[in-house]
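Chemist: So here's protein_38.csv, just CSV, C-alpha atoms:
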```csv
chain,number,residue,atom,x,y,z
S,1,MET,CA,26.7,79.1,1.0
S,2,ASN,CA,23.5,81.1,1.4
S,3,SER,CA,22.8,84.2,-0.7
S,4,SER,CA,23.0,86.7,2.2
S,5,LEU,CA,26.5,85.5,3.3
S,6,ARG,CA,27.6,85.5,-0.4
S,7,ASP,CA,26.4,89.1,-0.9
S,8,GLN,CA,28.1,90.3,2.3
S,9,LEU,CA,31.4,88.7,1.2
S,10,LEU,CA,31.1,90.3,-2.3
S,11,ALA,CA,30.3,93.7,-0.8
S,12,ALA,CA,33.3,93.5,1.4
S,13,GLY,CA,35.6,92.5,-1.5
S,14,LEU,CA,36.7,89.4,0.3
S,15,VAL,CA,35.7,87.1,-2.6
S,16,THR,CA,35.1,87.5,-6.3
S,17,GLU,CA,31.9,86.6,-8.1
S,18,LYS,CA,33.7,83.5,-9.6
S,19,GLN,CA,34.8,82.3,-6.2
S,20,ALA,CA,31.3,82.7,-4.8
S,21,ARG,CA,29.8,80.6,-7.7
S,22,GLN,CA,32.4,77.9,-7.1
S,23,ALA,CA,31.7,77.8,-3.4
S,24,ALA,CA,28.0,77.4,-4.1
S,25,GLN,CA,28.6,74.5,-6.5
S,26,GLN,CA,30.8,72.8,-4.0
S,27,GLU,CA,28.1,73.1,-1.3
S,28,GLN,CA,25.5,71.6,-3.6
S,29,GLN,CA,27.8,68.7,-4.4
S,30,ARG,CA,28.5,68.0,-0.7
S,31,GLN,CA,24.8,68.0,0.1
S,32,PHE,CA,24.1,65.6,-2.7
S,33,ARG,CA,26.8,63.2,-1.5
S,34,ASP,CA,25.6,63.3,2.1
S,35,ARG,CA,21.9,62.7,1.5
S,36,PRO,CA,20.7,59.2,2.5
S,37,ARG,CA,20.4,56.7,-0.4
S,38,PRO,CA,17.7,54.0,-0.7
S,39,LYS,CA,18.7,50.4,-0.2
S,40,VAL,CA,18.8,47.8,-3.0
S,41,GLY,CA,15.2,46.9,-3.9
S,42,GLN,CA,13.8,50.0,-2.1
S,43,HIS,CA,12.1,52.7,-4.1
S,44,PRO,CA,13.1,56.3,-3.2
S,45,GLY,CA,10.5,57.8,-0.9
S,46,ALA,CA,8.8,54.5,0.0
S,47,ASN,CA,8.2,53.6,3.7
S,48,PRO,CA,10.9,51.1,4.8
S,49,ALA,CA,8.3,49.1,6.8
S,50,GLN,CA,6.1,48.8,3.8
S,51,GLN,CA,9.1,47.8,1.6
S,52,LYS,CA,9.9,45.0,4.1
S,53,SER,CA,6.3,43.7,4.1
S,54,ASN,CA,6.2,43.6,0.3
S,55,GLN,CA,9.4,41.6,0.0
S,56,GLY,CA,7.6,38.5,1.6
S,57,PRO,CA,9.2,36.1,4.1
S,58,SER,CA,12.9,35.9,4.4
S,59,LYS,CA,14.9,32.9,3.3
S,60,GLY,CA,15.3,31.6,6.8
S,61,THR,CA,11.5,31.6,7.6
S,62,PRO,CA,9.6,28.4,6.7
S,63,GLN,CA,6.7,29.4,4.3
S,64,ASN,CA,4.5,26.4,4.9
S,65,GLN,CA,4.1,26.7,8.6
S,66,GLY,CA,1.2,28.4,10.2
S,67,PRO,CA,1.2,30.8,13.2
S,68,GLY,CA,2.8,29.2,16.2
S,69,GLN,CA,4.3,26.3,14.3
S,70,GLN,CA,8.0,25.5,14.3
S,71,ALA,CA,10.1,23.3,12.1
S,72,PRO,CA,11.2,20.1,13.8
S,73,SER,CA,14.7,20.1,15.1
S,74,PRO,CA,17.3,17.9,13.4
S,75,LYS,CA,17.3,15.6,16.5
S,76,ALA,CA,13.5,15.2,16.2
S,77,GLN,CA,13.8,14.4,12.5
S,78,ALA,CA,16.5,11.8,13.2
S,79,ASN,CA,14.3,10.2,15.8
S,80,GLN,CA,11.4,10.0,13.4
S,81,ALA,CA,13.5,8.5,10.7
S,82,GLN,CA,14.9,5.9,13.2
S,83,ALA,CA,11.3,5.0,14.4
S,84,ALA,CA,10.2,4.5,10.8
S,85,LYS,CA,13.1,2.2,10.1
S,86,VAL,CA,12.4,0.2,13.2
S,87,ALA,CA,8.7,-0.2,12.1
S,88,ARG,CA,9.8,-1.4,8.6
S,89,ASP,CA,12.2,-3.9,10.0
S,90,GLN,CA,9.6,-5.2,12.4
S,91,GLU,CA,7.1,-5.7,9.6
S,92,LEU,CA,9.7,-7.5,7.5
S,93,ASN,CA,10.6,-9.8,10.4
S,94,ARG,CA,6.9,-10.5,11.0
S,95,ARG,CA,6.4,-11.5,7.3
S,96,ARG,CA,9.5,-13.7,7.4
S,97,GLU,CA,8.3,-15.4,10.6
S,98,ASP,CA,4.8,-16.0,9.1
S,99,LYS,CA,6.3,-17.5,5.9
S,100,ALA,CA,8.6,-19.8,7.9
S,101,GLN,CA,5.7,-20.9,10.1
S,102,ARG,CA,3.6,-21.6,7.0
S,103,ARG,CA,6.3,-23.7,5.5
S,104,ALA,CA,6.7,-25.6,8.8
S,105,ARG,CA,3.0,-26.3,9.0
S,106,ILE,CA,2.8,-27.6,5.4
S,107,ALA,CA,5.8,-29.8,6.0
S,108,GLN,CA,4.2,-31.3,9.1
S,109,ILE,CA,0.8,-31.8,7.3
S,110,GLU,CA,2.5,-33.5,4.3
S,111,GLN,CA,4.3,-35.8,6.8
S,112,ILE,CA,1.0,-36.7,8.5
S,113,ILE,CA,-0.6,-37.4,5.1
S,114,GLU,CA,2.3,-39.5,3.9
S,115,GLN,CA,2.1,-41.7,7.0
S,116,ASN,CA,-1.6,-42.2,7.1
S,117,ARG,CA,-3.1,-42.0,3.5
S,118,VAL,CA,-4.9,-45.0,2.1
S,119,PRO,CA,-3.5,-46.7,-1.0
S,120,ARG,CA,-4.5,-45.1,-4.3
S,121,LEU,CA,-6.8,-47.2,-6.5
S,122,GLU,CA,-6.8,-47.7,-10.3
S,123,THR,CA,-10.3,-48.6,-11.3
S,124,GLU,CA,-12.9,-47.8,-14.0
S,125,ASP,CA,-15.2,-46.5,-11.3
S,126,HIS,CA,-14.8,-42.8,-10.2
S,127,TYR,CA,-15.9,-40.7,-7.3
S,128,SER,CA,-16.8,-37.1,-8.2
S,129,PHE,CA,-16.4,-34.2,-5.8
S,130,ILE,CA,-16.2,-30.5,-5.8
S,131,ASP,CA,-13.1,-28.5,-5.0
S,132,GLY,CA,-13.7,-24.8,-5.2
S,133,LYS,CA,-15.5,-24.2,-8.4
S,134,LYS,CA,-14.3,-27.3,-10.3
S,135,ILE,CA,-15.5,-30.9,-10.3
S,136,ARG,CA,-12.8,-33.4,-9.6
S,137,ARG,CA,-12.8,-37.2,-9.6
S,138,MET,CA,-10.7,-40.1,-8.4
S,139,SER,CA,-10.7,-43.8,-8.9
S,140,VAL,CA,-12.7,-45.8,-6.2
S,141,ASP,CA,-14.2,-49.2,-5.6
S,142,ALA,CA,-17.6,-49.8,-4.0
S,143,GLN,CA,-16.2,-50.0,-0.5
S,144,ARG,CA,-14.2,-46.7,-0.8
S,145,ARG,CA,-17.1,-44.9,-2.3
S,146,GLU,CA,-19.3,-45.9,0.6
S,147,GLN,CA,-16.6,-44.8,3.1
S,148,LEU,CA,-16.2,-41.4,1.4
S,149,THR,CA,-20.0,-41.0,1.3
S,150,ARG,CA,-20.3,-41.8,5.1
S,151,GLY,CA,-17.3,-39.6,6.0
S,152,ASP,CA,-15.2,-42.4,7.3
S,153,LEU,CA,-12.6,-41.3,4.7
S,154,VAL,CA,-11.8,-37.7,3.8
S,155,ILE,CA,-10.1,-36.2,0.7
S,156,VAL,CA,-7.2,-33.8,1.4
S,157,ARG,CA,-4.9,-31.7,-0.7
S,158,TYR,CA,-1.5,-33.2,-1.1
S,159,ARG,CA,1.4,-31.7,-3.1
S,160,GLY,CA,-0.8,-30.4,-5.9
S,161,HIS,CA,-2.9,-33.5,-6.0
S,162,TYR,CA,-5.3,-35.3,-3.7
S,163,ALA,CA,-5.0,-38.1,-1.1
S,164,VAL,CA,-7.5,-40.0,1.0
S,165,VAL,CA,-7.0,-40.3,4.8
S,166,PRO,CA,-9.2,-41.5,7.7
S,167,ALA,CA,-11.5,-38.9,9.3
S,168,ALA,CA,-9.5,-38.7,12.5
S,169,ILE,CA,-6.3,-37.9,10.5
S,170,ALA,CA,-8.3,-35.3,8.5
S,171,GLU,CA,-9.3,-33.6,11.8
S,172,ARG,CA,-5.6,-33.3,12.8
S,173,ILE,CA,-4.9,-31.7,9.5
S,174,ARG,CA,-7.8,-29.3,9.8
S,175,GLU,CA,-6.5,-28.1,13.1
S,176,ARG,CA,-3.2,-27.1,11.4
S,177,ASP,CA,-4.7,-25.7,8.2
S,178,ALA,CA,-8.4,-26.1,7.3
S,179,ASN,CA,-7.7,-25.2,3.7
S,180,MET,CA,-5.9,-28.5,3.2
S,181,VAL,CA,-9.1,-30.5,3.8
S,182,VAL,CA,-11.6,-30.8,0.9
S,183,PRO,CA,-15.2,-30.3,2.1
S,184,LEU,CA,-17.5,-33.2,1.4
S,185,VAL,CA,-19.6,-31.6,-1.4
S,186,GLN,CA,-20.8,-33.9,-4.2
S,187,PRO,CA,-22.1,-32.5,-7.5
S,188,LYS,CA,-25.8,-32.8,-7.9
S,189,PRO,CA,-26.9,-35.4,-10.5
S,190,THR,CA,-28.2,-34.1,-13.8
S,191,ALA,CA,-31.9,-33.8,-13.6
S,192,GLU,CA,-33.7,-36.1,-16.0
S,193,PRO,CA,-36.0,-34.3,-18.5
S,194,ASP,CA,-39.6,-34.2,-17.4
S,195,ASP,CA,-41.7,-37.0,-18.9
S,196,ALA,CA,-44.6,-35.3,-20.7
S,197,TYR,CA,-46.7,-38.4,-20.4
S,198,LYS,CA,-46.0,-39.4,-16.8
S,199,ASP,CA,-49.5,-38.4,-15.6
S,200,PHE,CA,-51.2,-40.6,-18.2
S,201,VAL,CA,-52.2,-44.2,-17.3
S,202,VAL,CA,-51.3,-46.8,-19.9
S,203,PRO,CA,-54.0,-49.3,-20.4
S,204,ASP,CA,-53.1,-53.0,-19.9
S,205,ASP,CA,-54.7,-54.0,-23.2
S,206,LEU,CA,-52.9,-51.4,-25.3
S,207,MET,CA,-51.6,-52.9,-28.5
S,208,TRP,CA,-48.2,-51.6,-29.7
```
Here is the file; what I need is its structure written in the form of structure tokens.
Modeler:
Amino acid sequence: MNSSLRDQLLAAGLVTEKQARQAAQQEQQRQFRDRPRPKVGQHPGANPAQQKSNQGPSKGTPQNQGPGQQAPSPKAQANQAQAAKVARDQELNRRREDKAQRRARIAQIEQIIEQNRVPRLETEDHYSFIDGKKIRRMSVDAQRREQLTRGDLVIVRYRGHYAVVPAAIAERIRERDANMVVPLVQPKPTAEPDDAYKDFVVPDDLMW
């Protein structure tokens, strides 16, 4: 109730001073109830648009995506997972096939060696050869040493040891797995120490 209306009612005797004060208090309470209230998290008097921008992205908005990017759909994610599984399965199958083929080649090579290797000798004479970084040796006689030196016979790896086969058989083995054939590399003989007096001529009439 505004002051002019209250004064007019009091002058006309229609309301008492007490009634006028009660009416004014009720009007103030009604206005207080009807005024707009700020939302939760919003400061009174702040701009709603500014409040929304300060709150950051909503829960449903991906935060790691740039402008124009969208999260992959569940179907796309399922397709990607299926493609990755297929690729893993193919790689495992390839490894299993390679391992099976390797075993088959080794078994075939061992069968060829078993059927064509020359008998092993037990002698006091030995033939030295290099395998990797180590010097190996095997018992030989004069004829076998000559055959190994000429390349008529070849040393091959056989079940953790060595065997000797003809050169033609070694070539068949090399076609299947070159690592099974030991290259023909003989260790160099130890050089004799230089004779300090080799350039001096010994007189025939020298007395010892």
Chemist: Pick out the residues sitting within 12 Å of Arg159 (chain S), and hand them over as a ChimeraX atom specification; count all atoms listed in the file, and ignore anything fewer than 3 positions along from it in its own chain.
Modeler: /S:106-107,109-111,113-114,156,162-163,180
Chemist: Separation of CA of Asp131 (chain S) and CA of His161 (chain S), in Å?
Modeler: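 Between CA of Asp131 (chain S) and CA of His161 (chain S) the gap works out to 11.4 Å.
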Chemist: Interatomic distance between CA of Pro166 (chain S) and CA of Gly132 (chain S)?
Modeler: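 Separating CA of Pro166 (chain S) from CA of Gly132 (chain S) is a distance of 21.6 Å.
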Chemist: Quick one, how far is CA of Ile112 (chain S) from CA of Lys133 (chain S)?
Modeler: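 Distance reported for this atom pair: 26.7 Å.
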Chemist: Taking 3 positions as the minimum chain separation for residues in the same chain, which residues sit within 9 Å of Val140 (chain S) when counting all atoms listed in the file? Answer as an NGL selection string.
Modeler: :S and (120-127 or 143-145)
Chemist: Rank nothing, just name the residue among S:Val165, S:Glu97, S:Gln22, S:Arg103 nearest to Pro119 (chain S), using all atoms listed in the file.
Modeler: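 Counting all atoms listed in the file, the residue closest to Pro119 (chain S) is S:Val165.
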Chemist: Mind rebuilding region 66-97 of chain S with N, CA and C atoms and writing that out as a PDB file, keeping the file's coordinate frame?
Modeler:
```pdb
ATOM      1  N   GLY S  66       2.161  27.484   9.730  1.00  0.00           N
ATOM      2  CA  GLY S  66       1.200  28.400  10.200  1.00  0.00           C
ATOM      3  C   GLY S  66       1.683  29.167  11.427  1.00  0.00           C
ATOM      4  N   PRO S  67       0.833  30.014  11.949  1.00  0.00           N
ATOM      5  CA  PRO S  67       1.200  30.800  13.200  1.00  0.00           C
ATOM      6  C   PRO S  67       1.456  29.815  14.329  1.00  0.00           C
ATOM      7  N   GLY S  68       2.517  30.006  15.039  1.00  0.00           N
ATOM      8  CA  GLY S  68       2.800  29.200  16.200  1.00  0.00           C
ATOM      9  C   GLY S  68       3.498  27.881  15.919  1.00  0.00           C
ATOM     10  N   GLN S  69       3.697  27.538  14.630  1.00  0.00           N
ATOM     11  CA  GLN S  69       4.300  26.300  14.300  1.00  0.00           C
ATOM     12  C   GLN S  69       5.830  26.502  14.071  1.00  0.00           C
ATOM     13  N   GLN S  70       6.575  25.479  14.451  1.00  0.00           N
ATOM     14  CA  GLN S  70       8.000  25.500  14.300  1.00  0.00           C
ATOM     15  C   GLN S  70       8.504  24.300  13.570  1.00  0.00           C
ATOM     16  N   ALA S  71       9.548  24.472  12.803  1.00  0.00           N
ATOM     17  CA  ALA S  71      10.100  23.300  12.100  1.00  0.00           C
ATOM     18  C   ALA S  71      10.745  22.368  13.103  1.00  0.00           C
ATOM     19  N   PRO S  72      10.569  21.029  12.866  1.00  0.00           N
ATOM     20  CA  PRO S  72      11.200  20.100  13.800  1.00  0.00           C
ATOM     21  C   PRO S  72      12.689  20.194  13.798  1.00  0.00           C
ATOM     22  N   SER S  73      13.239  19.999  14.943  1.00  0.00           N
ATOM     23  CA  SER S  73      14.700  20.100  15.100  1.00  0.00           C
ATOM     24  C   SER S  73      15.362  18.923  14.386  1.00  0.00           C
ATOM     25  N   PRO S  74      16.641  19.043  14.037  1.00  0.00           N
ATOM     26  CA  PRO S  74      17.300  17.900  13.400  1.00  0.00           C
ATOM     27  C   PRO S  74      17.296  16.648  14.269  1.00  0.00           C
ATOM     28  N   LYS S  75      17.326  16.801  15.587  1.00  0.00           N
ATOM     29  CA  LYS S  75      17.300  15.600  16.500  1.00  0.00           C
ATOM     30  C   LYS S  75      15.908  14.936  16.355  1.00  0.00           C
ATOM     31  N   ALA S  76      14.820  15.758  16.301  1.00  0.00           N
ATOM     32  CA  ALA S  76      13.500  15.200  16.200  1.00  0.00           C
ATOM     33  C   ALA S  76      13.328  14.474  14.833  1.00  0.00           C
ATOM     34  N   GLN S  77      13.863  15.058  13.777  1.00  0.00           N
ATOM     35  CA  GLN S  77      13.800  14.400  12.500  1.00  0.00           C
ATOM     36  C   GLN S  77      14.562  13.104  12.449  1.00  0.00           C
ATOM     37  N   ALA S  78      15.704  13.078  13.100  1.00  0.00           N
ATOM     38  CA  ALA S  78      16.500  11.800  13.200  1.00  0.00           C
ATOM     39  C   ALA S  78      15.734  10.767  13.956  1.00  0.00           C
ATOM     40  N   ASN S  79      15.062  11.169  15.030  1.00  0.00           N
ATOM     41  CA  ASN S  79      14.300  10.200  15.800  1.00  0.00           C
ATOM     42  C   ASN S  79      13.127   9.645  15.018  1.00  0.00           C
ATOM     43  N   GLN S  80      12.470  10.498  14.229  1.00  0.00           N
ATOM     44  CA  GLN S  80      11.400  10.000  13.400  1.00  0.00           C
ATOM     45  C   GLN S  80      11.859   9.052  12.343  1.00  0.00           C
ATOM     46  N   ALA S  81      12.972   9.357  11.717  1.00  0.00           N
ATOM     47  CA  ALA S  81      13.500   8.500  10.700  1.00  0.00           C
ATOM     48  C   ALA S  81      13.912   7.112  11.323  1.00  0.00           C
ATOM     49  N   GLN S  82      14.477   7.142  12.515  1.00  0.00           N
ATOM     50  CA  GLN S  82      14.900   5.900  13.200  1.00  0.00           C
ATOM     51  C   GLN S  82      13.629   5.077  13.555  1.00  0.00           C
ATOM     52  N   ALA S  83      12.568   5.757  14.033  1.00  0.00           N
ATOM     53  CA  ALA S  83      11.300   5.000  14.400  1.00  0.00           C
ATOM     54  C   ALA S  83      10.701   4.395  13.156  1.00  0.00           C
ATOM     55  N   ALA S  84      10.726   5.104  12.022  1.00  0.00           N
ATOM     56  CA  ALA S  84      10.200   4.500  10.800  1.00  0.00           C
ATOM     57  C   ALA S  84      10.970   3.327  10.337  1.00  0.00           C
ATOM     58  N   LYS S  85      12.280   3.383  10.477  1.00  0.00           N
ATOM     59  CA  LYS S  85      13.100   2.200  10.100  1.00  0.00           C
ATOM     60  C   LYS S  85      12.851   1.036  10.977  1.00  0.00           C
ATOM     61  N   VAL S  86      12.693   1.280  12.267  1.00  0.00           N
ATOM     62  CA  VAL S  86      12.400   0.200  13.200  1.00  0.00           C
ATOM     63  C   VAL S  86      11.066  -0.474  12.841  1.00  0.00           C
ATOM     64  N   ALA S  87      10.055   0.355  12.501  1.00  0.00           N
ATOM     65  CA  ALA S  87       8.700  -0.200  12.100  1.00  0.00           C
ATOM     66  C   ALA S  87       8.834  -1.032  10.870  1.00  0.00           C
ATOM     67  N   ARG S  88       9.612  -0.576   9.879  1.00  0.00           N
ATOM     68  CA  ARG S  88       9.800  -1.400   8.600  1.00  0.00           C
ATOM     69  C   ARG S  88      10.469  -2.670   8.921  1.00  0.00           C
ATOM     70  N   ASP S  89      11.501  -2.634   9.726  1.00  0.00           N
ATOM     71  CA  ASP S  89      12.200  -3.900  10.000  1.00  0.00           C
ATOM     72  C   ASP S  89      11.338  -4.855  10.793  1.00  0.00           C
ATOM     73  N   GLN S  90      10.523  -4.355  11.703  1.00  0.00           N
ATOM     74  CA  GLN S  90       9.600  -5.200  12.400  1.00  0.00           C
ATOM     75  C   GLN S  90       8.605  -5.890  11.506  1.00  0.00           C
ATOM     76  N   GLU S  91       8.089  -5.128  10.543  1.00  0.00           N
ATOM     77  CA  GLU S  91       7.100  -5.700   9.600  1.00  0.00           C
ATOM     78  C   GLU S  91       7.762  -6.750   8.718  1.00  0.00           C
ATOM     79  N   LEU S  92       8.990  -6.499   8.268  1.00  0.00           N
ATOM     80  CA  LEU S  92       9.700  -7.500   7.500  1.00  0.00           C
ATOM     81  C   LEU S  92       9.960  -8.771   8.261  1.00  0.00           C
ATOM     82  N   ASN S  93      10.356  -8.605   9.509  1.00  0.00           N
ATOM     83  CA  ASN S  93      10.600  -9.800  10.400  1.00  0.00           C
ATOM     84  C   ASN S  93       9.317 -10.565  10.592  1.00  0.00           C
ATOM     85  N   ARG S  94       8.197  -9.849  10.775  1.00  0.00           N
ATOM     86  CA  ARG S  94       6.900 -10.500  11.000  1.00  0.00           C
ATOM     87  C   ARG S  94       6.541 -11.352   9.752  1.00  0.00           C
ATOM     88  N   ARG S  95       6.744 -10.774   8.575  1.00  0.00           N
ATOM     89  CA  ARG S  95       6.400 -11.500   7.300  1.00  0.00           C
ATOM     90  C   ARG S  95       7.308 -12.722   7.170  1.00  0.00           C
ATOM     91  N   ARG S  96       8.581 -12.574   7.493  1.00  0.00           N
ATOM     92  CA  ARG S  96       9.500 -13.700   7.400  1.00  0.00           C
ATOM     93  C   ARG S  96       9.064 -14.830   8.354  1.00  0.00           C
ATOM     94  N   GLU S  97       8.693 -14.448   9.572  1.00  0.00           N
ATOM     95  CA  GLU S  97       8.300 -15.400  10.600  1.00  0.00           C
ATOM     96  C   GLU S  97       6.986 -16.156  10.108  1.00  0.00           C
TER      97      GLU S  97
END
```
